[in-house]
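Have a look at coords-v2.txt below; it lists compact mmCIF, C-alpha atoms.
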```
# COMPACT_ATOMS: atom_id res chain seq x y z
CA MET A 1 -8.21 -14.25 -9.66
CA ASP A 2 -10.79 -15.62 -7.23
CA PRO A 3 -14.14 -14.73 -8.87
CA ASP A 4 -15.90 -13.61 -5.68
CA GLY A 5 -12.88 -12.12 -3.91
CA SER A 6 -13.42 -14.33 -0.87
CA GLY A 7 -10.98 -16.48 1.06
CA HIS A 8 -8.36 -16.00 3.72
CA GLY A 9 -5.27 -13.84 3.32
CA ASP A 10 -2.93 -16.67 4.35
CA SER A 11 -4.34 -19.26 1.93
CA ASN A 12 -2.88 -20.12 -1.46
CA LEU A 13 -4.84 -19.60 -4.63
CA PRO A 14 -5.83 -22.80 -6.51
CA PRO A 15 -3.51 -24.02 -9.29
CA GLY A 16 -4.06 -22.06 -12.48
CA PHE A 17 -5.41 -18.97 -10.72
CA HIS A 18 -3.44 -15.73 -10.81
CA PHE A 19 -4.33 -12.75 -8.62
CA PHE A 20 -3.73 -9.78 -10.88
CA PRO A 21 -6.78 -7.46 -10.63
CA SER A 22 -7.17 -4.16 -12.43
CA ASP A 23 -7.19 -0.79 -10.66
CA GLU A 24 -10.98 -0.68 -10.98
CA GLU A 25 -11.38 -4.16 -9.47
CA LEU A 26 -9.12 -3.31 -6.54
CA VAL A 27 -11.21 -0.27 -5.63
CA VAL A 28 -14.71 -1.56 -6.40
CA HIS A 29 -14.53 -5.23 -5.44
CA PHE A 30 -11.95 -5.17 -2.64
CA LEU A 31 -11.50 -1.73 -1.05
CA ARG A 32 -15.21 -0.89 -1.04
CA ARG A 33 -16.00 -4.28 0.51
CA LYS A 34 -13.37 -3.70 3.17
CA ALA A 35 -15.02 -0.40 4.08
CA THR A 36 -18.63 -1.59 4.10
CA SER A 37 -18.26 -5.21 5.32
CA PRO A 38 -15.07 -5.38 7.42
CA LEU A 39 -16.04 -8.68 9.08
CA LEU A 40 -16.21 -10.62 5.82
CA PRO A 41 -13.13 -12.77 5.03
CA ASN A 42 -10.80 -11.22 2.49
CA THR A 43 -8.26 -12.58 0.06
CA ILE A 44 -6.07 -9.57 0.83
CA PRO A 45 -4.66 -9.40 4.41
CA THR A 46 -4.55 -6.35 6.65
CA LEU A 47 -1.11 -5.20 7.82
CA GLN A 48 0.45 -2.38 9.81
CA LEU A 49 2.52 -0.51 7.26
CA ARG A 50 4.88 0.87 9.93
CA GLN A 51 6.03 -2.69 10.73
CA CYS A 52 6.63 -3.76 7.12
CA ASP A 53 9.72 -2.81 5.17
CA PRO A 54 9.02 -3.66 1.52
CA TRP A 55 11.46 -6.59 1.27
CA ASN A 56 9.78 -8.21 4.30
CA LEU A 57 6.53 -8.51 2.35
CA ILE A 58 8.16 -11.24 0.25
CA ALA A 59 8.34 -13.45 3.36
CA GLY A 60 4.58 -13.95 3.31
CA PRO A 61 2.55 -11.37 5.28
CA ALA A 62 1.15 -9.83 2.09
CA LEU A 63 -0.69 -11.60 -0.73
CA GLU A 64 1.57 -12.20 -3.73
CA GLY A 65 -0.06 -11.68 -7.10
CA GLY A 66 1.03 -12.06 -10.70
CA HIS A 67 4.28 -10.51 -11.90
CA LYS A 68 5.68 -10.18 -8.35
CA PHE A 69 3.20 -7.75 -6.83
CA TRP A 70 2.26 -7.81 -3.13
CA TYR A 71 -1.16 -6.69 -1.91
CA PHE A 72 -2.40 -5.68 1.55
CA PHE A 73 -4.80 -3.33 3.34
CA ALA A 74 -3.48 -0.65 5.70
CA ALA A 75 -4.98 2.09 7.85
CA ARG A 76 -5.73 5.21 5.88
CA PRO A 77 -3.03 7.86 6.52
CA GLU A 78 -3.89 11.26 7.92
CA HIS A 79 -5.31 13.68 5.40
CA GLY A 80 -2.54 15.56 3.63
CA SER A 81 0.25 13.26 4.82
CA THR A 82 2.83 12.60 2.08
CA THR A 83 5.04 10.06 3.91
CA ARG A 84 4.46 6.66 5.55
CA ALA A 85 7.22 5.60 7.95
CA THR A 86 8.52 2.03 8.34
CA ALA A 87 11.24 0.52 10.53
CA SER A 88 14.08 1.18 8.06
CA GLY A 89 12.82 4.14 6.06
CA TYR A 90 9.70 5.71 4.62
CA TRP A 91 7.39 5.82 1.61
CA GLU A 92 6.98 9.20 -0.03
CA THR A 93 4.26 10.16 -2.48
CA VAL A 94 5.26 11.17 -6.01
CA ALA A 95 3.89 14.67 -6.59
CA GLY A 96 1.49 14.99 -9.51
CA ALA A 97 1.18 11.23 -10.04
CA ASP A 98 -2.33 10.74 -8.63
CA GLU A 99 -4.78 8.97 -10.93
CA ILE A 100 -8.57 8.92 -10.71
CA ILE A 101 -10.14 5.44 -10.79
CA SER A 102 -13.55 5.24 -12.47
CA THR A 103 -16.19 2.58 -13.09
CA ALA A 104 -19.21 2.89 -15.37
CA GLY A 105 -18.38 6.56 -15.87
CA ASP A 106 -18.32 7.39 -12.14
CA ASP A 107 -15.22 8.37 -10.14
CA VAL A 108 -14.78 5.89 -7.28
CA GLY A 109 -11.21 6.21 -6.04
CA VAL A 110 -7.72 7.69 -6.28
CA LYS A 111 -4.48 5.82 -7.04
CA LYS A 112 -1.38 7.36 -5.45
CA THR A 113 2.19 6.40 -6.33
CA LEU A 114 4.87 6.28 -3.61
CA LYS A 115 8.59 5.46 -3.66
CA TYR A 116 10.57 3.95 -0.82
CA TYR A 117 13.60 5.61 0.77
CA LEU A 118 16.03 4.13 3.29
CA GLY A 119 16.78 6.32 6.29
CA GLN A 120 14.86 9.12 7.91
CA LEU A 121 13.48 12.29 6.37
CA SER A 122 15.22 15.16 8.14
CA GLY A 123 13.58 18.38 9.21
CA GLY A 124 15.62 20.28 6.64
CA GLY A 125 13.94 18.41 3.80
CA GLU A 126 16.92 16.20 2.96
CA GLY A 127 15.79 12.68 2.20
CA GLY A 128 17.18 9.19 2.50
CA ILE A 129 18.51 6.84 -0.14
CA ARG A 130 15.98 6.09 -2.86
CA THR A 131 15.35 2.44 -3.65
CA ASN A 132 13.54 0.86 -6.58
CA TRP A 133 10.52 -0.20 -4.49
CA VAL A 134 7.23 1.32 -5.66
CA MET A 135 3.83 1.31 -3.94
CA HIS A 136 0.45 2.11 -5.45
CA GLU A 137 -1.96 3.20 -2.73
CA TYR A 138 -5.67 3.08 -3.54
CA HIS A 139 -8.07 5.45 -1.75
CA LEU A 140 -11.86 5.18 -1.85
CA LEU A 141 -13.80 8.40 -2.39
CA ASP A 142 -16.14 9.25 0.49
CA SER A 143 -18.97 9.81 -1.97
CA VAL A 144 -18.94 6.11 -2.89
CA LEU A 145 -20.04 5.11 0.62
CA SER A 146 -23.68 6.15 0.46
CA ASP A 147 -25.64 5.78 3.70
CA ARG A 148 -29.32 4.99 3.19
CA HIS A 149 -30.10 4.70 6.89
CA ARG A 150 -29.44 8.30 7.87
CA HIS A 151 -30.95 11.55 6.70
CA GLY A 152 -29.30 14.92 6.33
CA ALA A 153 -26.12 15.91 4.53
CA CYS A 154 -24.02 16.41 7.69
CA SER A 155 -24.77 13.03 9.25
CA ARG A 156 -24.33 11.25 5.92
CA LYS A 157 -20.94 12.88 5.30
CA ARG A 158 -19.78 12.01 8.82
CA ARG A 159 -20.87 8.39 8.37
CA GLN A 160 -19.04 8.11 5.05
CA SER A 161 -15.83 9.42 6.62
CA GLU A 162 -16.12 6.94 9.50
CA LEU A 163 -16.40 4.01 7.09
CA ASN A 164 -13.54 5.13 4.86
CA GLN A 165 -10.69 4.06 7.15
CA TRP A 166 -8.66 1.83 4.82
CA VAL A 167 -6.39 1.99 1.80
CA LEU A 168 -5.35 -0.88 -0.44
CA CYS A 169 -1.63 -1.10 -1.22
CA ARG A 170 0.13 -2.82 -4.11
CA VAL A 171 3.93 -3.04 -3.83
CA HIS A 172 6.52 -4.16 -6.37
CA GLU A 173 10.21 -3.74 -7.06
CA SER A 174 10.74 -1.74 -10.22
CA SER A 175 13.60 -2.38 -12.62
CA THR A 176 13.59 1.24 -13.80
CA SER A 177 14.68 4.33 -11.97
CA GLY A 178 12.40 7.25 -11.14
CA GLY A 179 12.48 10.63 -9.49
CA SER A 180 14.66 11.30 -6.46
CA HIS A 181 15.28 13.98 -3.87
CA GLY A 182 18.48 15.10 -5.57
CA GLU A 183 21.08 14.28 -8.18
CA ASP A 184 23.28 12.56 -5.61
CA SER A 185 20.57 10.12 -4.51
CA LYS A 186 21.41 6.46 -5.05
CA GLU A 187 19.10 3.64 -6.03
CA LEU A 188 19.46 0.32 -4.21
CA SER A 189 18.42 -3.14 -5.29
CA CYS A 190 16.66 -5.56 -2.95
CA LEU A 191 19.98 -7.30 -2.13
CA ASP A 192 21.67 -3.97 -1.45
CA GLU A 193 18.92 -3.16 1.05
CA VAL A 194 19.34 -6.50 2.83
CA PHE A 195 23.13 -6.07 3.07
CA LEU A 196 22.71 -2.52 4.36
CA ALA A 197 20.30 -3.77 7.03
CA LEU A 198 22.88 -6.40 8.07
CA ASP A 199 25.55 -3.71 8.31
CA ASP A 200 23.29 -1.70 10.60
CA ASP A 201 22.85 -4.73 12.85
CA LEU A 202 26.63 -5.24 13.04
CA ASP A 203 27.15 -1.60 13.96
CA GLU A 204 25.07 -2.19 17.08
CA VAL A 205 27.40 -4.95 18.31
CA SER A 206 30.06 -3.87 20.81
CA PHE A 207 33.55 -5.13 20.06
CA GLY A 208 35.11 -3.80 23.25
CA ILE A 209 37.43 -6.16 25.14
```

What's the structure tokens form of this structure?
Amino acid sequence: MDPDGSGHGDSNLPPGFHFFPSDEELVVHFLRRKATSPLLPNTIPTLQLRQCDPWNLIAGPALEGGHKFWYFFAARPEHGSTTRATASGYWETVAGADEIISTAGDDVGVKKTLKYYLGQLSGGGEGGIRTNWVMHEYHLLDSVLSDRHRHGACSRKRRQSELNQWVLCRVHESSTSGGSHGEDSKELSCLDEVFLALDDDLDEVSFGI
């Protein structure tokens, strides 16, 4: 990987370099920099998750790393939200899969695991069709963003919350199946998803004479 984490999101890494950072590096060297120095150039681009179905990331808006992973920053979701909507479906968090990320013995972030579903989540709790796309979403703990310029616990806590507006996402297509909403849920490959999207487009065409 690039030793200093600098560069532009749309530039290619030099020959022989592979972007495949650890969980700790993603939180400490990338997500914390994004929160504290947002104007600095970043290797990882910033995207609007709502506009990006997972298979569209392959086309280039996200940074591709080793072993077919795609990286990008996104706006931090509302506290307590378990789903992230996109044009064709939604990401849903896997309950009980959160992992604490630590460095030098200190907790610095949380790694959430989400799975992608085609369709819309209905009010009755019935979900869409599960795919084999997986996203790891990295959150920075507010306590990591210490503010040395303000005094008082209330103002410091408010300042930390204001800075912590981003998450770092790592997406890949898994070859193994995972949990689903129900026994009848189906898992789709990347090609299946593309063909289904094409079918949806055809359904919108009027064949009336």

One decimal, Å: what's the distance from CA of Asp107 in chain A over to CA of Glu25 in chain A, could you say?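 For CA of Asp107 in chain A relative to CA of Glu25 in chain A, the distance reads 13.1 Å.
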
Using only C-alpha atoms, which of A:Gln120, A:Asn56, A:Thr93, A:Thr43 sits nearest Pro77 in chain A?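 The shortest atom-to-atom distance to Pro77 in chain A comes from A:Thr93.
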
Would you mind reading off the distance between CA of Trp91 in chain A and CA of Glu173 in chain A, one decimal, in Å? 13.2 Å

For Asp142 in chain A, which residue among A:Gly109, A:Pro54, A:Gly66, A:Gly80 is the nearest when counting only C-alpha atoms?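 Answer, going by the shortest atom-to-atom distance: A:Gly109.
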
Can you pull out every residue within 7 Å of Thr86 in chain A, counting only C-alpha atoms, but drop anything in the same chain fewer than 5 positions away, and send it as a ChimeraX atom specification? /A:49-53

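Comparing A:His172, A:Lys111, A:His29, A:Lys34 by their smallest distance to Phe73 in chain A, the closest is A:Lys34 (using all atoms listed in the file).
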
Neighbouring residues of Leu121 in chain A were defined as those with any atom within 12 Å, considering all atoms listed in the file; residues of the same chain fewer than 5 positions away were excluded. Please report them as a ChimeraX atom specification. /A:82-86,88-92,116,126-130,181

How many Å lie between CA of Ala35 in chain A and CA of Thr103 in chain A, rounded to one decimal? 17.5 Å

Excluding same-chain residues fewer than 5 positions from Ala97 in chain A, what lies within 9 Å of it counting all atoms listed in the file, as a PDB file with C-alpha atoms, in the coordinates of the input?
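Here's the written file part.pdb:
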```
ATOM      1  CA  LYS A 111      -4.480   5.820  -7.040  1.00  0.00           C
ATOM      2  CA  LYS A 112      -1.380   7.360  -5.450  1.00  0.00           C
ATOM      3  CA  THR A 113       2.190   6.400  -6.330  1.00  0.00           C
ATOM      4  CA  LEU A 114       4.870   6.280  -3.610  1.00  0.00           C
TER       5      LEU A 114
END
```

Residue nearest Gln165 in chain A - candidates A:Leu31, A:Ala87, A:Ala59, A:Val94, atoms counted: all atoms listed in the file: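 Closest to Gln165 in chain A of all the choices is A:Leu31.
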
Can you work out which one of A:Leu163, A:Ile58, A:Val171, A:Val108 has the shortest atom-to-atom distance to Ser143 in chain A, counting only C-alpha atoms? A:Val108

In terms of the shortest atom-to-atom distance over only C-alpha atoms, which of A:Phe17, A:Phe69, A:Ser81, A:Leu145 is closest to Trp55 in chain A? A:Phe69
